[in-house]
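Quick look at data.cif (mmCIF, C-alpha atoms):
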data_input
#
loop_
_atom_site.label_atom_id
_atom_site.label_comp_id
_atom_site.auth_asym_id
_atom_site.auth_seq_id
_atom_site.Cartn_x
_atom_site.Cartn_y
_atom_site.Cartn_z
CA MET A 3 109.54 166.81 94.48
CA ALA A 4 111.65 166.43 97.61
CA GLU A 5 114.88 167.45 95.91
CA GLN A 6 113.68 170.22 93.62
CA LEU A 7 110.56 171.55 95.38
CA GLY A 8 111.44 170.76 98.98
CA PHE A 9 108.14 168.92 99.41
CA SER A 10 107.90 165.55 101.19
CA VAL A 11 105.00 163.43 99.95
CA VAL A 12 105.70 160.83 102.64
CA ASP A 13 105.33 163.39 105.44
CA SER A 14 102.17 164.78 103.85
CA VAL A 15 100.56 161.32 103.56
CA ILE A 16 101.43 160.49 107.16
CA SER A 17 99.93 163.78 108.35
CA ALA A 18 96.75 163.24 106.30
CA VAL A 19 96.30 159.68 107.60
CA ASN A 20 96.91 160.75 111.18
CA ASP A 21 94.61 163.77 110.88
CA ALA A 22 91.86 161.39 109.70
CA GLY A 23 92.35 159.34 112.87
CA TYR A 24 93.64 156.18 111.22
CA ASN A 25 96.62 156.08 113.59
CA LYS A 26 94.15 155.52 116.46
CA THR A 27 91.79 153.00 114.88
CA ALA A 28 91.55 149.23 115.06
CA LEU A 29 91.23 149.10 111.28
CA GLU A 30 94.24 147.78 109.39
CA VAL A 31 95.78 150.55 107.32
CA MET A 32 97.85 149.61 104.27
CA ILE A 33 100.06 151.94 102.30
CA GLN A 34 100.96 150.91 98.76
CA SER A 35 103.71 152.24 96.53
CA THR A 36 105.62 151.21 93.43
CA ASP A 37 108.78 152.79 94.86
CA SER A 38 110.83 150.80 97.35
CA SER A 39 112.53 153.96 98.63
CA VAL A 40 109.14 155.39 99.60
CA LEU A 41 108.20 152.26 101.55
CA VAL A 42 111.58 152.24 103.29
CA LYS A 43 110.82 155.76 104.50
CA PHE A 44 107.33 154.78 105.67
CA LYS A 45 108.76 151.82 107.56
CA GLN A 46 111.09 154.17 109.43
CA LEU A 47 108.29 156.55 110.41
CA THR A 48 105.12 154.44 110.81
CA LYS A 49 103.75 151.05 111.87
CA TYR A 50 101.32 150.68 108.95
CA LYS A 51 101.27 147.59 106.75
CA LEU A 52 103.26 148.31 103.59
CA VAL A 53 102.47 146.88 100.16
CA TYR A 54 104.98 146.93 97.30
CA LYS A 55 103.15 147.19 93.99
CA ILE A 56 104.97 145.53 91.11
CA ASP A 57 103.66 147.46 88.13
CA GLN A 58 105.13 145.24 85.44
CA LEU A 59 104.18 141.78 84.24
CA ILE A 60 106.60 139.17 85.57
CA ARG A 61 106.78 135.38 85.25
CA ASP A 62 109.21 134.78 88.11
CA ALA A 63 111.22 136.53 90.81
CA VAL A 64 114.85 135.82 91.62
CA ALA A 65 115.52 134.91 95.23
CA SER A 66 117.49 138.08 95.96
CA SER A 67 114.62 140.31 94.83
CA VAL A 68 112.14 138.41 97.02
CA GLU A 69 114.41 138.74 100.04
CA ASP A 70 114.97 142.44 99.40
CA ILE A 71 111.23 143.15 99.21
CA LYS A 72 110.81 141.40 102.54
CA THR A 73 113.04 143.99 104.23
CA PHE A 74 110.71 146.93 103.56
CA ALA A 75 107.24 145.54 102.71
CA HIS A 76 104.77 143.16 104.32
CA ALA A 77 103.08 142.27 101.04
CA VAL A 78 103.34 142.58 97.27
CA ALA A 79 100.63 143.51 94.78
CA LEU A 80 100.82 141.66 91.48
CA ASP A 81 98.96 142.16 88.23
CA LYS A 82 96.46 139.40 87.48
CA GLU A 83 98.49 138.35 84.46
CA SER A 84 101.53 137.82 86.67
CA ILE A 85 99.48 135.05 88.31
CA TYR A 86 97.65 133.67 85.28
CA PRO A 87 99.30 134.88 82.04
CA SER A 88 96.92 135.07 79.12
CA THR A 89 96.92 135.59 75.38
CA ARG A 90 93.80 136.91 73.66
CA LEU A 91 91.97 136.32 76.99
CA PHE A 92 92.94 132.63 77.14
CA THR A 93 94.98 131.77 80.24
CA THR A 94 98.15 129.83 79.45
CA GLY A 95 99.04 128.53 82.92
CA GLU A 96 100.15 129.66 86.36
CA THR A 97 103.46 131.35 87.16
CA GLY A 98 104.00 130.02 90.68
CA LEU A 99 104.84 133.44 92.11
CA VAL A 100 102.38 133.15 95.00
CA PRO A 101 104.09 130.21 96.76
CA LYS A 102 107.49 131.81 96.16
CA PHE A 103 106.50 134.97 98.03
CA HIS A 104 104.66 132.95 100.68
CA ASP A 105 107.81 130.94 101.36
CA ALA A 106 109.54 134.25 102.15
CA GLY A 107 106.73 135.27 104.52
CA THR A 108 105.31 137.92 102.18
CA ASP A 109 101.58 138.22 101.52
CA VAL A 110 100.35 138.46 97.94
CA TYR A 111 97.54 140.70 96.69
CA VAL A 112 96.30 140.85 93.09
CA TYR A 113 94.95 143.81 91.09
CA VAL A 114 92.60 144.98 89.60
CA PHE A 115 89.32 143.01 89.60
CA ARG A 116 86.29 144.47 87.86
CA ASN A 117 82.73 143.37 87.22
CA GLU A 118 82.61 144.12 83.49
CA PHE A 119 82.54 140.82 81.59
CA VAL A 120 85.23 141.97 79.14
CA SER A 121 87.77 142.20 81.97
CA GLN A 122 87.96 138.45 82.68
CA PRO A 123 89.68 135.76 80.57
CA TRP A 124 87.35 133.35 78.80
CA ASP A 125 88.42 130.58 81.18
CA PHE A 126 86.43 132.30 83.94
CA PHE A 127 83.20 132.32 81.90
CA SER A 128 83.12 136.14 81.91
CA ASP A 129 82.10 135.88 85.57
CA ALA A 130 83.73 138.17 88.14
CA THR A 131 83.05 135.77 91.02
CA VAL A 132 84.57 132.79 89.20
CA GLU A 133 87.67 134.89 88.52
CA ILE A 134 87.98 135.81 92.21
CA ASN A 135 87.60 132.18 93.25
CA ALA A 136 90.29 131.11 90.78
CA HIS A 137 92.80 133.47 92.40
CA VAL A 138 91.79 132.88 96.02
CA LEU A 139 91.05 129.14 95.96
CA GLY A 140 93.30 128.20 93.04
CA ALA A 141 96.36 130.43 93.27
CA GLY A 142 96.06 131.00 97.03
CA VAL A 143 96.41 134.79 97.09
CA ASP A 144 95.87 136.60 100.39
CA GLY A 145 93.61 139.32 99.04
CA ILE A 146 92.42 141.16 95.96
CA ILE A 147 92.28 144.80 94.91
CA THR A 148 88.96 145.56 93.28
CA ASP A 149 86.73 148.34 92.05
CA PHE A 150 83.71 146.36 93.27
CA PRO A 151 84.10 145.29 96.93
CA GLY A 152 80.50 144.10 97.06
CA THR A 153 81.26 141.40 94.51
CA ALA A 154 84.30 140.26 96.50
CA ARG A 155 82.25 139.97 99.70
CA ASN A 156 79.63 137.83 97.95
CA SER A 157 82.06 135.25 96.53
CA CYS A 158 81.82 131.56 97.43
CA THR A 159 85.28 131.24 98.97
CA LYS A 160 84.00 130.22 102.42
CA LEU A 161 81.56 127.47 101.47
CA SER A 162 84.22 124.74 101.87
CA ASN A 163 82.77 121.37 100.77
CA SER A 164 79.44 123.02 99.91
CA THR A 165 80.95 125.06 97.10
CA PRO A 166 79.00 124.33 93.87
CA ASN A 167 80.93 122.84 90.97
CA TYR A 168 80.59 125.97 88.86
CA MET A 169 82.39 127.95 91.58
CA GLN A 170 85.37 125.61 91.90
CA ALA A 171 88.75 127.01 90.92
CA VAL A 172 89.18 126.83 87.16
CA PRO A 173 92.39 125.04 86.04
CA PRO A 174 94.61 127.59 84.24
CA GLY A 175 95.12 126.89 80.55
CA GLY A 176 92.24 124.41 80.52
CA LEU A 177 90.24 126.17 77.82
CA LEU A 178 93.28 126.69 75.61
CA SER A 179 93.95 122.95 75.62
CA LEU A 180 90.53 122.33 74.03
CA LEU A 181 91.20 124.47 70.96
CA SER A 182 92.33 123.01 67.68
CA SER A 183 95.75 123.99 66.38
CA ASP A 184 94.11 126.20 63.72
CA SER A 185 92.23 128.18 66.38
CA LEU A 186 95.07 128.78 68.84
CA PRO A 187 95.83 132.42 69.67
CA PRO A 188 99.36 133.79 69.18
CA ALA A 189 101.99 132.54 71.59
CA LEU A 190 102.50 134.77 74.61
CA SER A 191 105.62 136.91 74.55
CA PRO A 192 108.01 135.87 77.33
CA MET A 193 107.68 137.96 80.46
CA PRO A 194 110.85 138.87 82.37
CA PRO A 195 111.61 137.76 85.92
CA LEU A 196 111.77 140.31 88.72
CA ASP A 197 115.44 141.07 89.37
CA VAL A 198 116.92 142.79 92.40
CA SER A 199 117.90 145.72 90.16
CA ASP A 200 114.17 146.30 89.54
CA VAL A 201 113.58 146.67 93.28
CA VAL A 202 116.56 148.47 94.79
CA GLU A 203 116.42 152.28 94.65
CA PRO A 204 118.55 155.04 96.16
CA PRO A 205 117.15 156.52 99.37
CA LEU A 206 114.79 159.46 99.13
CA PRO A 207 116.52 162.84 99.38
CA SER A 208 115.66 164.98 102.36
CA ALA A 209 113.01 167.62 101.75
CA THR A 210 114.12 171.11 102.64
CA PRO A 211 111.66 173.96 101.96
CA LYS A 212 112.89 176.13 99.13
CA ALA A 213 112.76 179.90 99.26
CA VAL A 214 110.94 181.22 96.21
CA ALA A 215 112.48 184.34 94.77
CA PRO A 216 109.98 187.03 93.73
CA THR A 217 109.53 187.51 90.01
CA SER A 218 108.39 190.45 87.97
CA ARG A 219 104.89 188.93 87.80
CA ASP A 220 104.61 189.00 91.59
CA THR A 221 105.46 192.70 91.87
CA VAL A 222 103.13 195.45 90.71
CA SER A 223 104.68 198.79 89.93
CA PRO A 224 102.59 201.70 91.26
CA SER A 225 103.12 203.57 88.02
CA SER A 226 101.73 200.70 85.92
CA ASN A 227 98.31 200.68 87.59
CA PRO A 228 97.95 203.58 90.04
CA SER A 229 94.18 203.29 90.43
CA SER A 230 93.67 199.75 91.80
CA GLY A 231 97.05 198.07 92.30
CA GLN A 232 95.54 194.75 91.13
CA ARG A 233 97.52 192.34 89.01
CA SER A 234 96.48 191.59 85.47
CA PRO A 235 94.63 188.33 84.72
CA ALA A 236 97.71 186.95 82.97
CA SER A 237 99.90 187.44 86.04
CA ILE A 238 97.35 185.63 88.23
CA LEU A 239 96.73 182.75 85.82
CA VAL A 240 100.30 181.43 85.78
CA PRO A 241 100.59 180.91 89.58
CA LEU A 242 97.14 179.28 89.63
CA MET A 243 98.15 176.88 86.89
CA MET A 244 101.29 176.02 88.82
CA ILE A 245 99.30 175.36 91.98
CA CYS A 246 96.73 173.17 90.23
CA GLY A 247 99.43 171.13 88.54
CA PHE A 248 101.21 170.67 91.84
CA LEU A 249 98.09 169.41 93.56
CA LEU A 250 97.34 167.00 90.74
CA LEU A 251 100.88 165.69 90.89
CA VAL A 252 100.58 164.98 94.62
#

Conversion result in structure tokens:
Amino acid sequence: MAEQLGFSVVDSVISAVNDAGYNKTALEVMIQSTDSSVLVKFKQLTKYKLVYKIDQLIRDAVASSVEDIKTFAHAVALDKESIYPSTRLFTTGETGLVPKFHDAGTDVYVYVFRNEFVSQPWDFFSDATVEINAHVLGAGVDGIITDFPGTARNSCTKLSNSTPNYMQAVPPGGLLSLLSSDSLPPALSPMPPLDVSDVVEPPLPSATPKAVAPTSRDTVSPSSNPSSGQRSPASILVPLMMICGFLLLV
């Protein structure tokens, strides 16, 4: 969009956030992106907390990739299965990614938590709160990304020694160990580690507004419609479709 259309999404987001007054509020504003080059640009122009979303399942992260993320983001967002991998909704263990990012001084958030019982592995008893506790109390994540913030606020993560047994962190892979060999689900396909080549991107190109040359659809010949001078429906539809697609893309 910057190179071909001359449109800077980064500048537009910054303007929208500032126009909404979030640059003058005590609230903590976080900006998330799957593109490291975008976050590098935001770091140059703003003071907001930046979150690098890793949109692939990973089992590990090489040291160089962790250090590179630290240069442009304050936190990472990992898929739930990058914390507790699962096969057929049975967790198989814990990857250990959270302490690795914590050792580098990077916060870890996990996505996406939902209330629907089919969205949790069986180990968590089809309970959204148990699943949250497993990630917060068990894996030690710094926060969660959820479609149901009310459920997250009502979790039992702050009860300390008063936490009931059924809300204790569930050991990953515990349920799978109780199954007989005939009932075991298929083995989980190996997930790749996060390499530095997955993180590093070329810098964003500068956005220079492009001059749009007039086309035959934009010009109405007086002889073609001398009475009204209005364009035909077909000539109006194409620009509208282009505008709608552009807005959806942004």

> Once you count all atoms listed in the file, which residues end up no further than 9 Å from (101.9, 155.1, 108.2) in the file's frame, shown as a ChimeraX atom specification?
Replying inline: /A:12,15-17,19-20,24-25,31-33,44-45,47-52

> Could you pull the residues within 9 Å of region 62-65 of chain A, counting all atoms listed in the file, minus those fewer than 6 positions along the same chain, as a list in words?
Replying inline: Ser84, Thr97, Gly98, Leu99, Lys102, Phe103, Met193, Pro194, Pro195, Leu196, Asp197 and Val198 of chain A

> When you draw a straight line from CA of Asp129 (chain A) to CA of Asn163 (chain A), how long is it in Å?
Replying inline: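 The value is 21.0 Å.
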
> Is there a way to get, as a PyMOL selection string, all residues within 8 Å of the point (95.5, 125.6, 78.1) in file coordinates, counting only C-alpha atoms?
Replying inline: chain A and resi 92-95+174-180

> What does the distance between CA of Leu59 (chain A) and CA of Phe126 (chain A) come to in Å, to one decimal place?
Replying inline: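 So the two atoms, CA of Leu59 (chain A) and CA of Phe126 (chain A), lie 20.1 Å apart.
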
Excluding Val53 (chain A) and its own-chain neighbours fewer than 3 positions away, which residues fall within 12 Å of it when counting all atoms listed in the file? Please give them as a short mmCIF file (atom, residue, chain, number, x, y, z; two decimals) with C-alpha atoms, keeping the file's coordinate frame.
data_model
loop_
_atom_site.label_atom_id
_atom_site.label_comp_id
_atom_site.auth_asym_id
_atom_site.auth_seq_id
_atom_site.Cartn_x
_atom_site.Cartn_y
_atom_site.Cartn_z
CA VAL A 31 95.78 150.55 107.32
CA MET A 32 97.85 149.61 104.27
CA ILE A 33 100.06 151.94 102.30
CA GLN A 34 100.96 150.91 98.76
CA SER A 35 103.71 152.24 96.53
CA THR A 36 105.62 151.21 93.43
CA ASP A 37 108.78 152.79 94.86
CA SER A 38 110.83 150.80 97.35
CA VAL A 40 109.14 155.39 99.60
CA LEU A 41 108.20 152.26 101.55
CA VAL A 42 111.58 152.24 103.29
CA PHE A 44 107.33 154.78 105.67
CA LYS A 45 108.76 151.82 107.56
CA TYR A 50 101.32 150.68 108.95
CA ILE A 56 104.97 145.53 91.11
CA ILE A 71 111.23 143.15 99.21
CA LYS A 72 110.81 141.40 102.54
CA THR A 73 113.04 143.99 104.23
CA PHE A 74 110.71 146.93 103.56
CA ALA A 75 107.24 145.54 102.71
CA HIS A 76 104.77 143.16 104.32
CA ALA A 77 103.08 142.27 101.04
CA VAL A 78 103.34 142.58 97.27
CA ALA A 79 100.63 143.51 94.78
CA LEU A 80 100.82 141.66 91.48
CA THR A 108 105.31 137.92 102.18
CA ASP A 109 101.58 138.22 101.52
CA VAL A 110 100.35 138.46 97.94
CA TYR A 111 97.54 140.70 96.69
CA VAL A 112 96.30 140.85 93.09
CA GLY A 145 93.61 139.32 99.04
CA ILE A 147 92.28 144.80 94.91
#

> For Ser88 (chain A), which of A:Pro188, A:Leu206, A:Ala130, A:Gly152 is the closest residue, counting all atoms listed in the file?
Replying inline: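 Residue with the minimum atom-to-atom distance to Ser88 (chain A): A:Pro188.
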
> Which residues match the PyMOL selection byres ((chain A and resi 123) around 9) in the file above, as a ChimeraX atom specification?
Replying inline: /A:88-93,119-122,124-128,133

>> For a quick check of understanding, using all atoms listed in the file, which of A:Tyr54, A:Phe9, A:Tyr168, A:Phe150 has the smallest distance to Asn135 (chain A)?
In response: A:Tyr168

>> Which residue is closest to Asp200 (chain A)? Choose from A:Ile134, A:Ile60, A:Ala154, A:Ala22 and count only C-alpha atoms.
In response: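 Closest to Asp200 (chain A), using only C-alpha atoms: A:Ile60.
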
>> Using Å and a single decimal, report how far CA of Glu83 (chain A) sits from CA of Ser66 (chain A).
In response: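 A separation of 22.2 Å between them.
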
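Among the candidates A:Met3, A:Gly8, A:Val114, A:Gly140, the residue lying nearest to Lys55 (chain A) is A:Val114 (atoms considered: all atoms listed in the file).
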
> Nearest to Ser208 (chain A) among A:Thr27, A:Thr165, A:Ser10, A:Ser185, with distances taken over all atoms listed in the file: which residue is it?
Replying inline: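 Smallest distance to Ser208 (chain A) is found for A:Ser10.
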
> Looking at all atoms listed in the file, which of A:Leu190, A:Val100, A:Val138, A:Leu29 is the one that sits closest to Gln170 (chain A)?
Replying inline: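 Among the listed residues, A:Val138 lies closest to Gln170 (chain A).
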
With the input short on atoms, add all heavy atoms back to region 12-23 of chain A and write it as a PDB file, in the frame of the given file.
ATOM      1  N   VAL A  12     105.830 161.792 101.540  1.00  0.00           N
ATOM      2  CA  VAL A  12     105.700 160.830 102.640  1.00  0.00           C
ATOM      3  C   VAL A  12     105.181 161.535 103.897  1.00  0.00           C
ATOM      4  O   VAL A  12     104.232 161.060 104.539  1.00  0.00           O
ATOM      5  CB  VAL A  12     107.056 160.157 102.921  1.00  0.00           C
ATOM      6  CG1 VAL A  12     106.975 159.292 104.174  1.00  0.00           C
ATOM      7  CG2 VAL A  12     107.488 159.315 101.732  1.00  0.00           C
ATOM      8  N   ASP A  13     105.777 162.656 104.254  1.00  0.00           N
ATOM      9  CA  ASP A  13     105.330 163.390 105.440  1.00  0.00           C
ATOM     10  C   ASP A  13     103.886 163.866 105.281  1.00  0.00           C
ATOM     11  O   ASP A  13     103.102 163.842 106.245  1.00  0.00           O
ATOM     12  CB  ASP A  13     106.242 164.591 105.708  1.00  0.00           C
ATOM     13  CG  ASP A  13     107.639 164.170 106.148  1.00  0.00           C
ATOM     14  OD1 ASP A  13     107.794 163.005 106.578  1.00  0.00           O
ATOM     15  OD2 ASP A  13     108.568 164.992 106.046  1.00  0.00           O
ATOM     16  N   SER A  14     103.528 164.287 104.085  1.00  0.00           N
ATOM     17  CA  SER A  14     102.170 164.780 103.850  1.00  0.00           C
ATOM     18  C   SER A  14     101.151 163.649 103.969  1.00  0.00           C
ATOM     19  O   SER A  14     100.066 163.838 104.531  1.00  0.00           O
ATOM     20  CB  SER A  14     102.072 165.418 102.460  1.00  0.00           C
ATOM     21  OG  SER A  14     102.926 166.540 102.362  1.00  0.00           O
ATOM     22  N   VAL A  15     101.478 162.464 103.451  1.00  0.00           N
ATOM     23  CA  VAL A  15     100.560 161.320 103.560  1.00  0.00           C
ATOM     24  C   VAL A  15     100.401 160.913 105.012  1.00  0.00           C
ATOM     25  O   VAL A  15      99.291 160.647 105.486  1.00  0.00           O
ATOM     26  CB  VAL A  15     101.070 160.146 102.706  1.00  0.00           C
ATOM     27  CG1 VAL A  15     100.265 158.889 102.989  1.00  0.00           C
ATOM     28  CG2 VAL A  15     101.001 160.494 101.227  1.00  0.00           C
ATOM     29  N   ILE A  16     101.497 160.856 105.742  1.00  0.00           N
ATOM     30  CA  ILE A  16     101.430 160.490 107.160  1.00  0.00           C
ATOM     31  C   ILE A  16     100.565 161.478 107.929  1.00  0.00           C
ATOM     32  O   ILE A  16      99.723 161.089 108.752  1.00  0.00           O
ATOM     33  CB  ILE A  16     102.844 160.410 107.761  1.00  0.00           C
ATOM     34  CG1 ILE A  16     103.620 159.246 107.140  1.00  0.00           C
ATOM     35  CG2 ILE A  16     102.775 160.227 109.278  1.00  0.00           C
ATOM     36  CD1 ILE A  16     105.073 159.178 107.572  1.00  0.00           C
ATOM     37  N   SER A  17     100.734 162.758 107.664  1.00  0.00           N
ATOM     38  CA  SER A  17      99.930 163.780 108.350  1.00  0.00           C
ATOM     39  C   SER A  17      98.455 163.634 108.004  1.00  0.00           C
ATOM     40  O   SER A  17      97.592 163.731 108.882  1.00  0.00           O
ATOM     41  CB  SER A  17     100.427 165.182 107.950  1.00  0.00           C
ATOM     42  OG  SER A  17     101.755 165.393 108.373  1.00  0.00           O
ATOM     43  N   ALA A  18      98.151 163.385 106.722  1.00  0.00           N
ATOM     44  CA  ALA A  18      96.750 163.240 106.300  1.00  0.00           C
ATOM     45  C   ALA A  18      96.108 162.014 106.947  1.00  0.00           C
ATOM     46  O   ALA A  18      94.966 162.069 107.411  1.00  0.00           O
ATOM     47  CB  ALA A  18      96.670 163.156 104.782  1.00  0.00           C
ATOM     48  N   VAL A  19      96.839 160.905 106.995  1.00  0.00           N
ATOM     49  CA  VAL A  19      96.300 159.680 107.600  1.00  0.00           C
ATOM     50  C   VAL A  19      96.088 159.873 109.100  1.00  0.00           C
ATOM     51  O   VAL A  19      95.061 159.467 109.654  1.00  0.00           O
ATOM     52  CB  VAL A  19      97.254 158.503 107.324  1.00  0.00           C
ATOM     53  CG1 VAL A  19      96.813 157.263 108.098  1.00  0.00           C
ATOM     54  CG2 VAL A  19      97.296 158.180 105.829  1.00  0.00           C
ATOM     55  N   ASN A  20      97.046 160.518 109.745  1.00  0.00           N
ATOM     56  CA  ASN A  20      96.910 160.750 111.180  1.00  0.00           C
ATOM     57  C   ASN A  20      95.791 161.739 111.489  1.00  0.00           C
ATOM     58  O   ASN A  20      95.038 161.564 112.456  1.00  0.00           O
ATOM     59  CB  ASN A  20      98.231 161.269 111.756  1.00  0.00           C
ATOM     60  CG  ASN A  20      99.321 160.214 111.752  1.00  0.00           C
ATOM     61  OD1 ASN A  20      99.050 159.026 111.583  1.00  0.00           O
ATOM     62  ND2 ASN A  20     100.562 160.635 111.922  1.00  0.00           N
ATOM     63  N   ASP A  21      95.672 162.777 110.671  1.00  0.00           N
ATOM     64  CA  ASP A  21      94.610 163.770 110.880  1.00  0.00           C
ATOM     65  C   ASP A  21      93.225 163.127 110.722  1.00  0.00           C
ATOM     66  O   ASP A  21      92.254 163.562 111.341  1.00  0.00           O
ATOM     67  CB  ASP A  21      94.752 164.934 109.897  1.00  0.00           C
ATOM     68  CG  ASP A  21      95.964 165.801 110.215  1.00  0.00           C
ATOM     69  OD1 ASP A  21      96.504 165.677 111.334  1.00  0.00           O
ATOM     70  OD2 ASP A  21      96.382 166.577 109.332  1.00  0.00           O
ATOM     71  N   ALA A  22      93.140 162.091 109.890  1.00  0.00           N
ATOM     72  CA  ALA A  22      91.860 161.390 109.700  1.00  0.00           C
ATOM     73  C   ALA A  22      91.597 160.386 110.824  1.00  0.00           C
ATOM     74  O   ALA A  22      90.535 159.770 110.850  1.00  0.00           O
ATOM     75  CB  ALA A  22      91.860 160.671 108.353  1.00  0.00           C
ATOM     76  N   GLY A  23      92.541 160.222 111.718  1.00  0.00           N
ATOM     77  CA  GLY A  23      92.350 159.340 112.870  1.00  0.00           C
ATOM     78  C   GLY A  23      92.708 157.894 112.646  1.00  0.00           C
ATOM     79  O   GLY A  23      92.446 157.049 113.508  1.00  0.00           O
TER      80      GLY A  23
END
